[in-house]
Every structure is written in structure tokens, then in C-alpha cells.
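See below for final_39.txt, which holds compact mmCIF, C-alpha atoms and all ligand atoms.
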```
# COMPACT_ATOMS: atom_id res chain seq x y z
CA MET J 9 -15.41 -17.34 -0.18
CA LEU J 10 -15.03 -13.56 -0.32
CA HIS J 11 -11.85 -12.35 1.35
CA SER J 12 -11.76 -8.62 1.96
CA ASP J 13 -8.74 -8.68 4.33
CA ARG J 14 -5.48 -7.06 3.33
CA ILE J 15 -2.02 -7.89 4.71
CA PRO J 16 0.57 -5.09 4.70
CA LEU J 17 3.65 -6.21 2.76
CA SER J 18 7.04 -4.63 2.72
CA GLU J 19 8.29 -6.62 -0.28
CA LYS J 20 7.18 -9.18 -2.84
CA PHE J 21 9.83 -10.72 -5.09
CA VAL J 22 11.03 -13.93 -6.74
CA SER J 23 14.38 -15.46 -5.87
CA ILE J 24 15.87 -18.71 -4.67
CA GLN J 25 15.37 -19.67 -1.06
CA GLY J 26 18.79 -18.94 0.40
CA GLU J 27 18.63 -20.66 3.78
CA GLY J 28 17.07 -23.53 5.69
CA PRO J 29 15.50 -26.78 4.48
CA PHE J 30 14.32 -25.53 1.06
CA VAL J 31 17.58 -23.89 0.03
CA GLY J 32 17.83 -23.45 -3.73
CA VAL J 33 14.09 -23.71 -4.45
CA VAL J 34 12.78 -20.93 -6.70
CA SER J 35 10.30 -19.15 -4.49
CA LEU J 36 7.98 -16.22 -4.26
CA PHE J 37 8.79 -14.18 -1.17
CA LEU J 38 6.10 -12.27 0.68
CA ARG J 39 7.58 -10.09 3.39
CA VAL J 40 5.07 -8.67 5.86
CA MET J 41 5.32 -5.42 7.75
CA GLY J 42 5.58 -5.58 11.54
CA CYS J 43 7.33 -7.67 14.18
CA ASN J 44 6.68 -8.22 17.87
CA LEU J 45 10.43 -8.65 18.65
CA ARG J 46 13.36 -6.26 18.42
CA CYS J 47 16.54 -8.10 17.39
CA VAL J 48 19.61 -5.88 17.33
CA TRP J 49 20.97 -7.66 14.25
CA CYS J 50 17.65 -7.78 12.40
CA ASP J 51 18.42 -7.51 8.68
CA THR J 52 14.85 -6.53 7.80
CA TYR J 53 14.60 -3.60 10.20
CA TYR J 54 12.73 -1.67 7.49
CA THR J 55 9.64 -3.73 8.37
CA TRP J 56 9.50 -2.49 11.96
CA ASP J 57 12.32 -0.32 13.28
CA ARG J 58 10.51 2.83 14.30
CA GLU J 59 12.65 3.07 17.42
CA GLY J 60 16.12 2.67 15.98
CA VAL J 61 16.87 -0.57 17.85
CA SER J 62 18.51 -2.46 15.00
CA ILE J 63 22.24 -1.95 14.52
CA TYR J 64 21.52 -1.71 10.79
CA ASN J 65 18.83 0.93 11.16
CA ASP J 66 19.18 3.88 8.86
CA GLY J 67 16.12 5.61 10.23
CA ASP J 68 13.70 4.64 7.48
CA ILE J 69 11.02 2.02 7.51
CA ASP J 70 8.85 0.98 4.59
CA LYS J 71 5.35 2.32 4.28
CA GLY J 72 4.13 -1.09 3.16
CA PHE J 73 1.48 -1.86 0.57
CA PRO J 74 -1.76 -3.84 0.87
CA TYR J 75 -1.85 -7.41 -0.40
CA GLY J 76 -5.15 -9.17 -0.99
CA PHE J 77 -6.49 -12.66 -1.60
CA ASP J 78 -7.04 -12.42 -5.37
CA GLU J 79 -3.39 -11.56 -5.94
CA PHE J 80 -2.31 -14.27 -3.47
CA ARG J 81 -4.34 -16.93 -5.31
CA GLU J 82 -2.74 -16.01 -8.65
CA ASP J 83 0.74 -15.93 -7.09
CA CYS J 84 0.35 -19.40 -5.59
CA LYS J 85 -0.38 -20.83 -9.05
CA ALA J 86 2.81 -19.35 -10.49
CA TYR J 87 5.48 -20.56 -8.05
CA PRO J 88 6.31 -23.93 -6.50
CA LEU J 89 6.97 -22.42 -3.08
CA THR J 90 5.70 -19.28 -1.39
CA VAL J 91 7.96 -18.15 1.43
CA ILE J 92 6.04 -16.01 3.90
CA THR J 93 8.43 -14.02 5.98
CA GLY J 94 8.91 -10.67 7.62
CA GLY J 95 8.90 -9.10 10.03
CA GLU J 96 6.79 -11.71 11.80
CA PRO J 97 4.23 -13.24 9.44
CA LEU J 98 2.31 -15.08 12.16
CA ILE J 99 0.97 -11.72 13.39
CA TYR J 100 -1.48 -12.35 10.54
CA SER J 101 -2.08 -16.10 11.16
CA ASN J 102 -5.86 -15.77 11.04
CA ILE J 103 -5.80 -14.29 7.58
CA TRP J 104 -3.16 -16.66 6.16
CA GLU J 105 -5.13 -19.61 7.48
CA ARG J 106 -8.33 -18.59 5.71
CA TRP J 107 -6.52 -17.71 2.50
CA ILE J 108 -4.47 -20.93 2.29
CA ARG J 109 -7.54 -23.05 2.92
CA ASP J 110 -9.08 -21.40 -0.14
CA VAL J 111 -6.24 -21.96 -2.64
CA GLU J 112 -5.57 -25.21 -4.46
CA TYR J 113 -2.01 -24.67 -5.58
CA GLY J 114 1.43 -24.30 -4.09
CA LYS J 115 3.40 -24.99 -0.95
CA PHE J 116 3.95 -22.48 1.83
CA GLN J 117 6.89 -21.95 4.13
CA PHE J 118 6.44 -19.60 7.06
CA GLU J 119 9.55 -18.09 8.65
CA THR J 120 8.62 -17.27 12.23
CA ASN J 121 10.30 -16.24 15.47
CA GLY J 122 8.48 -18.89 17.50
CA THR J 123 6.37 -16.60 19.66
CA TYR J 124 3.08 -17.54 17.95
CA PRO J 125 1.72 -21.10 17.77
CA PRO J 126 1.49 -23.11 14.53
CA PHE J 127 -1.72 -23.35 12.54
CA LEU J 128 -2.95 -25.37 9.53
CA GLU J 129 -1.39 -28.41 11.20
CA ASP J 130 -3.67 -30.64 9.12
CA ASP J 131 -2.46 -29.20 5.80
CA ASP J 132 0.70 -30.89 4.53
CA ARG J 133 1.38 -28.07 2.03
CA VAL J 134 2.40 -25.85 4.95
CA PHE J 135 5.88 -25.78 6.56
CA PHE J 136 7.39 -23.72 9.38
CA VAL J 137 10.96 -22.61 9.93
CA VAL J 138 11.04 -21.48 13.53
CA SER J 139 13.82 -19.20 14.68
CA PRO J 140 13.73 -18.71 18.46
CA LYS J 141 15.61 -15.59 19.47
CA LEU J 142 18.45 -16.07 21.96
CA LYS J 143 19.83 -13.56 24.48
CA SER J 144 22.39 -12.34 21.96
CA SER J 145 19.54 -11.03 19.79
CA GLY J 146 19.01 -8.31 22.39
CA ASN J 147 15.43 -9.30 23.19
CA LYS J 148 14.71 -9.29 26.92
CA LYS J 149 12.28 -12.21 26.99
CA PRO J 150 13.68 -15.74 26.60
CA PRO J 151 12.15 -18.06 23.96
CA ASN J 152 8.63 -19.19 24.86
CA VAL J 153 8.99 -22.91 25.67
CA ASP J 154 5.22 -23.53 25.73
CA VAL J 155 4.75 -22.13 22.24
CA LEU J 156 7.83 -23.89 20.85
CA LYS J 157 6.58 -27.25 22.20
CA LYS J 158 3.53 -26.91 19.97
CA PHE J 159 5.84 -27.20 16.93
CA LEU J 160 7.31 -30.54 18.02
CA PRO J 161 4.66 -32.76 16.35
CA LEU J 162 5.25 -30.92 13.08
CA ILE J 163 9.01 -31.26 13.46
CA LYS J 164 8.56 -35.02 13.85
CA ASN J 165 6.58 -35.02 10.58
CA GLY J 166 9.18 -33.01 8.65
CA ARG J 167 6.89 -29.99 8.44
CA ALA J 168 8.75 -27.74 10.88
CA TYR J 169 12.39 -27.01 11.63
CA PHE J 170 14.26 -24.93 14.17
CA LYS J 171 16.82 -22.49 12.82
CA PHE J 172 18.99 -20.64 15.32
CA VAL J 173 20.77 -17.52 14.14
CA ILE J 174 24.23 -17.52 15.73
CA SER J 175 25.68 -14.11 16.52
CA ASP J 176 27.65 -14.98 19.69
CA PRO J 177 28.90 -18.57 19.21
CA GLU J 178 29.94 -19.27 22.82
CA GLU J 179 26.87 -17.84 24.57
CA ASP J 180 24.44 -19.13 21.96
CA GLU J 181 25.71 -22.71 22.08
CA LYS J 182 24.94 -23.20 25.77
CA GLU J 183 21.59 -21.49 25.51
CA ILE J 184 20.53 -23.69 22.57
CA MET J 185 21.51 -26.87 24.41
CA ASP J 186 19.55 -25.79 27.49
CA LEU J 187 16.52 -24.81 25.45
CA LEU J 188 16.43 -28.11 23.54
CA GLU J 189 16.65 -29.97 26.83
CA ASP J 190 13.76 -27.95 28.29
CA LEU J 191 11.75 -28.79 25.20
CA GLY J 192 12.51 -32.49 25.39
CA PHE J 193 13.72 -32.24 21.80
CA PRO J 194 14.32 -35.74 20.33
CA ASN J 195 18.06 -36.38 19.90
CA GLU J 196 17.58 -38.34 16.70
CA LEU J 197 16.05 -35.31 14.96
CA LYS J 198 18.82 -32.85 15.78
CA PRO J 199 20.99 -33.64 12.70
CA TYR J 200 18.10 -32.96 10.33
CA SER J 201 15.69 -30.57 12.01
CA VAL J 202 17.87 -28.14 13.97
CA PHE J 203 19.77 -25.66 11.82
CA LEU J 204 22.46 -23.30 13.02
CA MET J 205 22.99 -20.35 10.73
CA PRO J 206 25.60 -17.58 11.01
CA GLU J 207 24.35 -14.05 11.47
CA GLY J 208 25.87 -11.68 8.95
CA ILE J 209 25.11 -9.58 5.91
CA THR J 210 28.48 -9.59 4.13
CA LYS J 211 29.39 -12.14 1.47
CA ASP J 212 32.18 -13.65 3.55
CA LEU J 213 29.81 -14.51 6.47
CA PRO J 214 32.62 -14.23 9.04
CA LEU J 215 30.94 -16.49 11.61
CA ALA J 216 30.38 -19.37 9.18
CA GLU J 217 33.40 -21.44 10.18
CA LYS J 218 32.64 -21.22 13.89
CA VAL J 219 29.04 -22.19 13.24
CA VAL J 220 30.10 -25.24 11.21
CA GLU J 221 32.33 -26.25 14.13
CA MET J 222 29.36 -25.90 16.49
CA CYS J 223 27.30 -28.15 14.20
CA ILE J 224 30.01 -30.81 14.10
CA ARG J 225 30.49 -30.64 17.88
CA ASN J 226 26.80 -31.01 18.68
CA GLY J 227 25.35 -32.88 15.71
CA PHE J 228 23.24 -30.06 14.29
CA ARG J 229 22.60 -29.12 10.67
CA TYR J 230 24.35 -26.14 9.09
CA SER J 231 22.55 -23.51 7.06
CA ASP J 232 24.45 -21.04 4.95
CA ARG J 233 22.89 -17.86 3.55
CA ILE J 234 23.26 -18.43 -0.18
CA HIS J 235 21.51 -15.21 -1.22
CA ILE J 236 24.01 -13.22 0.89
CA ARG J 237 26.97 -15.14 -0.61
CA ILE J 238 25.72 -14.39 -4.14
CA TRP J 239 24.33 -10.87 -3.91
CA GLY J 240 25.33 -9.47 -0.53
CA ASN J 241 22.70 -7.66 1.47
CA ILE J 242 20.55 -6.56 -1.46
CA ARG J 243 16.81 -6.18 -1.07
CA GLY J 244 14.59 -8.19 -3.40
CA LYS J 245 17.06 -11.08 -3.66
S1 LIG A 1 12.17 -11.66 14.92
FE1 LIG A 1 12.98 -11.53 12.83
S2 LIG A 1 11.96 -9.77 11.88
FE2 LIG A 1 11.63 -9.63 14.10
S3 LIG A 1 13.25 -8.30 14.81
FE3 LIG A 1 14.00 -10.41 15.02
S4 LIG A 1 15.10 -10.87 13.10
FE4 LIG A 1 13.84 -9.01 12.77
```
Would you mind writing the file out in C-alpha cells?
Ligand code: SF4
Amino acid sequence: MLHSDRIPLSEKFVSIQGEGPFVGVVSLFLRVMGCNLRCVWCDTYYTWDREGVSIYNDGDIDKGFPYGFDEFREDCKAYPLTVITGGEPLIYSNIWERWIRDVEYGKFQFETNGTYPPFLEDDDRVFFVVSPKLKSSGNKKPPNVDVLKKFLPLIKNGRAYFKFVISDPEEDEKEIMDLLEDLGFPNELKPYSVFLMPEGITKDLPLAEKVVEMCIRNGFRYSDRIHIRIWGNIRGK
């Protein structure tokens, strides 16, 4: 099929996946431009921060460059895992869906904020790491329970995970517990499918210890940020 669509990327690079269920896997990263949320601690503000909302904002955002299907098809052959992140990659769900259906190789992990529903549910090469944004992110709207519920069947099949970024341990803990209850999240999946990950962009990740304690207290899974530990907050790593 001819694909004439282009997706605006901010970055394309090869590294190891530094967080979540595929940590350590050598991956191609495709980082899209644009996000529908405005997290104050967003560490990829250069994909969207025209308004200076992010605490890390230095006033510049990327111009982005167009990425097309032919390049995508070649990339998928070369790497075991393609991590599609942002920004919010599900802004472009329609295009990703058509492209992935037309490639034979690779596995795909979308990193999403949980405001758009899943797609390609019938394709077991596709995984979702869903990171609902809590009050401490600075976004006004609470996580969308109806959309998040649509990920539950995939979570049960090991094809989706929740990953909460913890920036305010006390406030976040209660909100996560309430949200999981609203979702009817299965208790037996919490130790494997719900990650808590410390916010932070310095190698010492100062919130890590508190987040581990939260995991032990509540039976969640811990995610470090290996790329930050190794390189610090360096783009393209
Ligand atoms: S949802 Fe992700 S990309 Fe969007 S502002 Fe929040 S942290 Fe940044």
C-alpha cells in the first residue's frame, strides 16, 4: 500500500530502553512532536512547550522533521524493538496503525499518557506503557477513567502496563490507589503491571528511595531510569 503520510519527529536515535517492562533492550526510539498535556516536570518539553509551562523549559522547541513509511519499514527491520514516544505518539494513532499493519518485522512499544484509546489490539507485536498524569503533574484534568479501562484487557494479556511518574510521593500514592480502585484494577496484576517510577533528571534520582518504599508498601513494581543513571539528562540517549 502507498503511504504518503508523514509524522513529525523531534528525535530518532538508538539506545537501550531505560525504563519500564523492556528495560535494557536495544531499541530504536522515535520521538514525535506534540502533546495534548502540559506536565510541569516534562523532560521532553522541546516537543511541545510553546507556552513555557515546563519547569525545564529553556524557551526553545524543536522544529521537527518529517518521517515517512519507507524509512519506518527499513528501521523496523534493523532493531528488535521500536519505542514510539514523545510528546504523545497516539496523536498519530491512525497513521501508526496503517504503517504497522504493513510491516513484517519488529516489535513496537508505545509510551502514552493514557488520554487516547489503544489500537492494534489484535496485533501481539504491539505493547503500550500507559502513564496517567496525576495532579502533581500540573495538569488540570484528572486521568480519563473511561479511556484507561480500555487498556485493561491488554494489561491482562501482558501487552500493556501502567507506569506512574512519582513527583510528590505522599499525594501521588493516595491518588494512584483511588484511581486503581475506580478502574477495578485486578490486585493480582499490581506487582507485575503497575510501575512506579521516580521523576527526576539527575543521575542520583533523589526520589528513588521513597518510590521503592511506596512499591514495597503497596505491592507495585519499581522502575528506575537507567539512561538517566548512566548519561544524565542527555538527548539522544
Ligand atoms: S504527557 Fe508526557 S510528553 Fe506530554 S507533557 Fe506530560 S510528560 Fe511531557
With the cut-off set at 8 Å and counting only C-alpha atoms and all ligand atoms, tabulate each residue of chain J with an atom at most that distance from an atom of ligand LIG 1 (chain A), showing the nearest atom pair and its distance in Å to one decimal, ordered by chain and increasing number, as CSV.
```
residue,atom,partner,partner_atom,distance
J:Gly42,CA,A:LIG1,S2,7.6
J:Cys43,CA,A:LIG1,FE2,4.7
J:Asn44,CA,A:LIG1,FE2,6.4
J:Leu45,CA,A:LIG1,S3,4.8
J:Arg46,CA,A:LIG1,S3,4.1
J:Cys47,CA,A:LIG1,FE3,4.2
J:Val48,CA,A:LIG1,S3,7.3
J:Trp49,CA,A:LIG1,S4,6.8
J:Cys50,CA,A:LIG1,FE4,4.0
J:Asp51,CA,A:LIG1,FE4,6.3
J:Thr52,CA,A:LIG1,FE4,5.6
J:Tyr53,CA,A:LIG1,FE4,6.0
J:Thr55,CA,A:LIG1,S2,7.4
J:Trp56,CA,A:LIG1,S3,7.5
J:Ser62,CA,A:LIG1,S3,7.9
J:Gly94,CA,A:LIG1,S2,5.3
J:Gly95,CA,A:LIG1,S2,3.6
J:Glu96,CA,A:LIG1,S2,5.5
J:Thr120,CA,A:LIG1,S1,7.2
J:Asn121,CA,A:LIG1,S1,5.0
J:Ser139,CA,A:LIG1,S1,7.7
J:Lys141,CA,A:LIG1,S1,6.9
J:Ser145,CA,A:LIG1,FE3,7.3
```
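Interatomic distance, CA of Lys182 (chain J) against CA of Ile224 (chain J): 14.8 Å.
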Sorted per-residue table, region 94-120 of chain J near region 151-170 of chain J, closest atoms and distance, 12 Å, only C-alpha atoms, as JSON lines:
```
{"residue": "J:Lys115", "atom": "CA", "partner": "J:Arg167", "partner_atom": "CA", "distance": 11.2}
{"residue": "J:Phe116", "atom": "CA", "partner": "J:Arg167", "partner_atom": "CA", "distance": 10.4}
{"residue": "J:Gln117", "atom": "CA", "partner": "J:Ala168", "partner_atom": "CA", "distance": 9.1}
{"residue": "J:Phe118", "atom": "CA", "partner": "J:Ala168", "partner_atom": "CA", "distance": 9.3}
{"residue": "J:Glu119", "atom": "CA", "partner": "J:Tyr169", "partner_atom": "CA", "distance": 9.8}
{"residue": "J:Thr120", "atom": "CA", "partner": "J:Phe170", "partner_atom": "CA", "distance": 9.7}
```
Just the residues within 10 Å of region 105-108 of chain J, please, counting only C-alpha atoms, with nothing from its chain fewer than 5 positions along; format it as a PDB file with C-alpha atoms, in the coordinates of the input.
```
ATOM      1  CA  MET J   9     -15.410 -17.340  -0.180  1.00  0.00           C
ATOM      2  CA  LEU J  10     -15.030 -13.560  -0.320  1.00  0.00           C
ATOM      3  CA  HIS J  11     -11.850 -12.350   1.350  1.00  0.00           C
ATOM      4  CA  ASP J  13      -8.740  -8.680   4.330  1.00  0.00           C
ATOM      5  CA  GLY J  76      -5.150  -9.170  -0.990  1.00  0.00           C
ATOM      6  CA  PHE J  77      -6.490 -12.660  -1.600  1.00  0.00           C
ATOM      7  CA  ASP J  78      -7.040 -12.420  -5.370  1.00  0.00           C
ATOM      8  CA  PHE J  80      -2.310 -14.270  -3.470  1.00  0.00           C
ATOM      9  CA  ARG J  81      -4.340 -16.930  -5.310  1.00  0.00           C
ATOM     10  CA  CYS J  84       0.350 -19.400  -5.590  1.00  0.00           C
ATOM     11  CA  LEU J  98       2.310 -15.080  12.160  1.00  0.00           C
ATOM     12  CA  TYR J 100      -1.480 -12.350  10.540  1.00  0.00           C
ATOM     13  CA  TYR J 113      -2.010 -24.670  -5.580  1.00  0.00           C
ATOM     14  CA  GLY J 114       1.430 -24.300  -4.090  1.00  0.00           C
ATOM     15  CA  LYS J 115       3.400 -24.990  -0.950  1.00  0.00           C
ATOM     16  CA  PHE J 116       3.950 -22.480   1.830  1.00  0.00           C
ATOM     17  CA  PHE J 127      -1.720 -23.350  12.540  1.00  0.00           C
ATOM     18  CA  LEU J 128      -2.950 -25.370   9.530  1.00  0.00           C
ATOM     19  CA  ASP J 131      -2.460 -29.200   5.800  1.00  0.00           C
ATOM     20  CA  ARG J 133       1.380 -28.070   2.030  1.00  0.00           C
ATOM     21  CA  VAL J 134       2.400 -25.850   4.950  1.00  0.00           C
TER      22      VAL J 134
END
```
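One distance worth recording is that between CA of Val202 (chain J) and CA of Phe228 (chain J), which is 5.7 Å.
Note that the spacing between CA of Arg243 (chain J) and CA of Val40 (chain J) amounts to 13.9 Å.
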Set the distance at 6 Å and use all atoms listed in the file: which residues neighbour region 193-200 of chain J once local chain neighbours fewer than 4 positions away are removed? I'd like the list as a PyMOL selection string. chain J and resi 188+227-229
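Minimum distance to Lys85 (chain J) across J:Phe136, J:Ser35, J:Phe73, J:Ser101 (counting all atoms listed in the file) occurs at J:Ser35.
Of the residues under consideration (J:Ile63, J:Ile209, J:Ile15, J:Ile184), J:Ile15 shows the shortest atom-to-atom contact distance to Ile103 (chain J) when counting only C-alpha atoms.
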Using only C-alpha atoms, collect all residues at a distance of at most 10 Å from (20.2, -22.3, 3.3) as written in the file, then present them as a list in words. Ile24, Gln25, Gly26, Glu27, Gly28, Pro29, Phe30, Val31, Gly32, Val33, Phe203, Met205, Tyr230, Ser231, Asp232, Arg233, Ile234 and His235 of chain J
C-alpha atoms of the current selection, written as a PDB file, in the coordinates of the input:
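As a result, again-v3.pdb now contains:
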```pdb
ATOM      1  CA  ILE J  24      15.870 -18.710  -4.670  1.00  0.00           C
ATOM      2  CA  GLN J  25      15.370 -19.670  -1.060  1.00  0.00           C
ATOM      3  CA  GLY J  26      18.790 -18.940   0.400  1.00  0.00           C
ATOM      4  CA  GLU J  27      18.630 -20.660   3.780  1.00  0.00           C
ATOM      5  CA  GLY J  28      17.070 -23.530   5.690  1.00  0.00           C
ATOM      6  CA  PRO J  29      15.500 -26.780   4.480  1.00  0.00           C
ATOM      7  CA  PHE J  30      14.320 -25.530   1.060  1.00  0.00           C
ATOM      8  CA  VAL J  31      17.580 -23.890   0.030  1.00  0.00           C
ATOM      9  CA  GLY J  32      17.830 -23.450  -3.730  1.00  0.00           C
ATOM     10  CA  VAL J  33      14.090 -23.710  -4.450  1.00  0.00           C
ATOM     11  CA  PHE J 203      19.770 -25.660  11.820  1.00  0.00           C
ATOM     12  CA  MET J 205      22.990 -20.350  10.730  1.00  0.00           C
ATOM     13  CA  TYR J 230      24.350 -26.140   9.090  1.00  0.00           C
ATOM     14  CA  SER J 231      22.550 -23.510   7.060  1.00  0.00           C
ATOM     15  CA  ASP J 232      24.450 -21.040   4.950  1.00  0.00           C
ATOM     16  CA  ARG J 233      22.890 -17.860   3.550  1.00  0.00           C
ATOM     17  CA  ILE J 234      23.260 -18.430  -0.180  1.00  0.00           C
ATOM     18  CA  HIS J 235      21.510 -15.210  -1.220  1.00  0.00           C
TER      19      HIS J 235
END
```
Counting all atoms listed in the file, closest pick from J:Glu19, J:Asp132, J:Asp186, J:Glu181 relative to Val220 (chain J) is J:Glu181
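With distances taken over all atoms listed in the file, J:Cys223 is the one residue among J:Cys223, J:Lys20, J:Pro126, J:Asp190 lying closest to Lys171 (chain J).
Take the candidates J:Glu221, J:Gly146, J:Val111, J:Thr210 and check each one against Pro177 (chain J) using all atoms listed in the file; the shortest distance goes to J:Glu221.
Each of J:Ser175, J:Ser23, J:Asn226, J:Thr93 was checked against Met41 (chain J) using all atoms listed in the file; the smallest atom-to-atom distance is that of J:Thr93.
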Within 8 Å of Arg237 (chain J) using only C-alpha atoms, minus same-chain residues under 5 positions, as a list in words: Thr210, Lys211, Asp212 and Leu213 of chain J
Store the residues of this selection in a file with C-alpha atoms, as a compact mmCIF listing (two decimals), keeping the file's coordinate frame.
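Saved the output as out-v1.txt:
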```txt
# COMPACT_ATOMS: atom_id res chain seq x y z
CA THR J 210 28.48 -9.59 4.13
CA LYS J 211 29.39 -12.14 1.47
CA ASP J 212 32.18 -13.65 3.55
CA LEU J 213 29.81 -14.51 6.47
```
Would you mind completing region 216-245 of chain J to N, CA and C atoms and writing the output as a PDB file, in the frame of the given file?
```pdb
ATOM      1  N   ALA J 216      30.753 -18.067   9.759  1.00  0.00           N
ATOM      2  CA  ALA J 216      30.380 -19.370   9.180  1.00  0.00           C
ATOM      3  C   ALA J 216      31.218 -20.516   9.726  1.00  0.00           C
ATOM      4  N   GLU J 217      32.539 -20.330   9.778  1.00  0.00           N
ATOM      5  CA  GLU J 217      33.400 -21.440  10.180  1.00  0.00           C
ATOM      6  C   GLU J 217      33.104 -21.863  11.620  1.00  0.00           C
ATOM      7  N   LYS J 218      32.939 -20.876  12.489  1.00  0.00           N
ATOM      8  CA  LYS J 218      32.640 -21.220  13.890  1.00  0.00           C
ATOM      9  C   LYS J 218      31.304 -21.941  13.993  1.00  0.00           C
ATOM     10  N   VAL J 219      30.362 -21.559  13.174  1.00  0.00           N
ATOM     11  CA  VAL J 219      29.040 -22.190  13.240  1.00  0.00           C
ATOM     12  C   VAL J 219      29.115 -23.632  12.724  1.00  0.00           C
ATOM     13  N   VAL J 220      29.901 -23.854  11.683  1.00  0.00           N
ATOM     14  CA  VAL J 220      30.100 -25.240  11.210  1.00  0.00           C
ATOM     15  C   VAL J 220      30.718 -26.079  12.330  1.00  0.00           C
ATOM     16  N   GLU J 221      31.694 -25.514  13.025  1.00  0.00           N
ATOM     17  CA  GLU J 221      32.330 -26.250  14.130  1.00  0.00           C
ATOM     18  C   GLU J 221      31.301 -26.586  15.220  1.00  0.00           C
ATOM     19  N   MET J 222      30.415 -25.644  15.509  1.00  0.00           N
ATOM     20  CA  MET J 222      29.360 -25.900  16.490  1.00  0.00           C
ATOM     21  C   MET J 222      28.457 -27.055  16.041  1.00  0.00           C
ATOM     22  N   CYS J 223      28.155 -27.078  14.732  1.00  0.00           N
ATOM     23  CA  CYS J 223      27.300 -28.150  14.200  1.00  0.00           C
ATOM     24  C   CYS J 223      27.992 -29.502  14.343  1.00  0.00           C
ATOM     25  N   ILE J 224      29.267 -29.547  14.012  1.00  0.00           N
ATOM     26  CA  ILE J 224      30.010 -30.810  14.100  1.00  0.00           C
ATOM     27  C   ILE J 224      30.087 -31.270  15.559  1.00  0.00           C
ATOM     28  N   ARG J 225      30.356 -30.310  16.455  1.00  0.00           N
ATOM     29  CA  ARG J 225      30.490 -30.640  17.880  1.00  0.00           C
ATOM     30  C   ARG J 225      29.197 -31.197  18.466  1.00  0.00           C
ATOM     31  N   ASN J 226      28.067 -30.672  18.036  1.00  0.00           N
ATOM     32  CA  ASN J 226      26.800 -31.010  18.680  1.00  0.00           C
ATOM     33  C   ASN J 226      25.835 -31.823  17.814  1.00  0.00           C
ATOM     34  N   GLY J 227      26.233 -32.090  16.574  1.00  0.00           N
ATOM     35  CA  GLY J 227      25.350 -32.880  15.710  1.00  0.00           C
ATOM     36  C   GLY J 227      24.139 -32.108  15.221  1.00  0.00           C
ATOM     37  N   PHE J 228      24.328 -30.840  14.874  1.00  0.00           N
ATOM     38  CA  PHE J 228      23.240 -30.060  14.290  1.00  0.00           C
ATOM     39  C   PHE J 228      23.475 -29.919  12.792  1.00  0.00           C
ATOM     40  N   ARG J 229      22.518 -29.318  12.122  1.00  0.00           N
ATOM     41  CA  ARG J 229      22.600 -29.120  10.670  1.00  0.00           C
ATOM     42  C   ARG J 229      23.023 -27.673  10.389  1.00  0.00           C
ATOM     43  N   TYR J 230      23.881 -27.486   9.410  1.00  0.00           N
ATOM     44  CA  TYR J 230      24.350 -26.140   9.090  1.00  0.00           C
ATOM     45  C   TYR J 230      23.483 -25.522   8.001  1.00  0.00           C
ATOM     46  N   SER J 231      23.162 -24.260   8.153  1.00  0.00           N
ATOM     47  CA  SER J 231      22.550 -23.510   7.060  1.00  0.00           C
ATOM     48  C   SER J 231      23.427 -22.325   6.706  1.00  0.00           C
ATOM     49  N   ASP J 232      23.772 -22.237   5.449  1.00  0.00           N
ATOM     50  CA  ASP J 232      24.450 -21.040   4.950  1.00  0.00           C
ATOM     51  C   ASP J 232      23.391 -19.988   4.611  1.00  0.00           C
ATOM     52  N   ARG J 233      23.816 -18.894   4.043  1.00  0.00           N
ATOM     53  CA  ARG J 233      22.890 -17.860   3.550  1.00  0.00           C
ATOM     54  C   ARG J 233      23.306 -17.592   2.099  1.00  0.00           C
ATOM     55  N   ILE J 234      22.798 -18.441   1.209  1.00  0.00           N
ATOM     56  CA  ILE J 234      23.260 -18.430  -0.180  1.00  0.00           C
ATOM     57  C   ILE J 234      22.985 -17.094  -0.859  1.00  0.00           C
ATOM     58  N   HIS J 235      21.853 -16.492  -0.564  1.00  0.00           N
ATOM     59  CA  HIS J 235      21.510 -15.210  -1.220  1.00  0.00           C
ATOM     60  C   HIS J 235      22.504 -14.121  -0.812  1.00  0.00           C
ATOM     61  N   ILE J 236      23.011 -14.201   0.444  1.00  0.00           N
ATOM     62  CA  ILE J 236      24.010 -13.220   0.890  1.00  0.00           C
ATOM     63  C   ILE J 236      25.343 -13.499   0.183  1.00  0.00           C
ATOM     64  N   ARG J 237      25.713 -14.777   0.077  1.00  0.00           N
ATOM     65  CA  ARG J 237      26.970 -15.140  -0.610  1.00  0.00           C
ATOM     66  C   ARG J 237      26.955 -14.632  -2.056  1.00  0.00           C
ATOM     67  N   ILE J 238      25.795 -14.742  -2.719  1.00  0.00           N
ATOM     68  CA  ILE J 238      25.720 -14.390  -4.140  1.00  0.00           C
ATOM     69  C   ILE J 238      25.598 -12.879  -4.344  1.00  0.00           C
ATOM     70  N   TRP J 239      24.664 -12.268  -3.607  1.00  0.00           N
ATOM     71  CA  TRP J 239      24.330 -10.870  -3.910  1.00  0.00           C
ATOM     72  C   TRP J 239      24.757  -9.881  -2.829  1.00  0.00           C
ATOM     73  N   GLY J 240      25.152 -10.390  -1.662  1.00  0.00           N
ATOM     74  CA  GLY J 240      25.330  -9.470  -0.530  1.00  0.00           C
ATOM     75  C   GLY J 240      23.973  -9.088   0.023  1.00  0.00           C
ATOM     76  N   ASN J 241      23.950  -8.035   0.811  1.00  0.00           N
ATOM     77  CA  ASN J 241      22.700  -7.660   1.470  1.00  0.00           C
ATOM     78  C   ASN J 241      21.874  -6.734   0.579  1.00  0.00           C
ATOM     79  N   ILE J 242      21.310  -7.353  -0.486  1.00  0.00           N
ATOM     80  CA  ILE J 242      20.550  -6.560  -1.460  1.00  0.00           C
ATOM     81  C   ILE J 242      19.067  -6.889  -1.271  1.00  0.00           C
ATOM     82  N   ARG J 243      18.241  -5.905  -1.203  1.00  0.00           N
ATOM     83  CA  ARG J 243      16.810  -6.180  -1.070  1.00  0.00           C
ATOM     84  C   ARG J 243      16.248  -6.747  -2.368  1.00  0.00           C
ATOM     85  N   GLY J 244      15.226  -7.614  -2.220  1.00  0.00           N
ATOM     86  CA  GLY J 244      14.590  -8.190  -3.400  1.00  0.00           C
ATOM     87  C   GLY J 244      15.339  -9.361  -3.989  1.00  0.00           C
ATOM     88  N   LYS J 245      16.301  -9.913  -3.197  1.00  0.00           N
ATOM     89  CA  LYS J 245      17.060 -11.080  -3.660  1.00  0.00           C
ATOM     90  C   LYS J 245      17.024 -12.166  -2.622  1.00  0.00           C
TER      91      LYS J 245
END
```
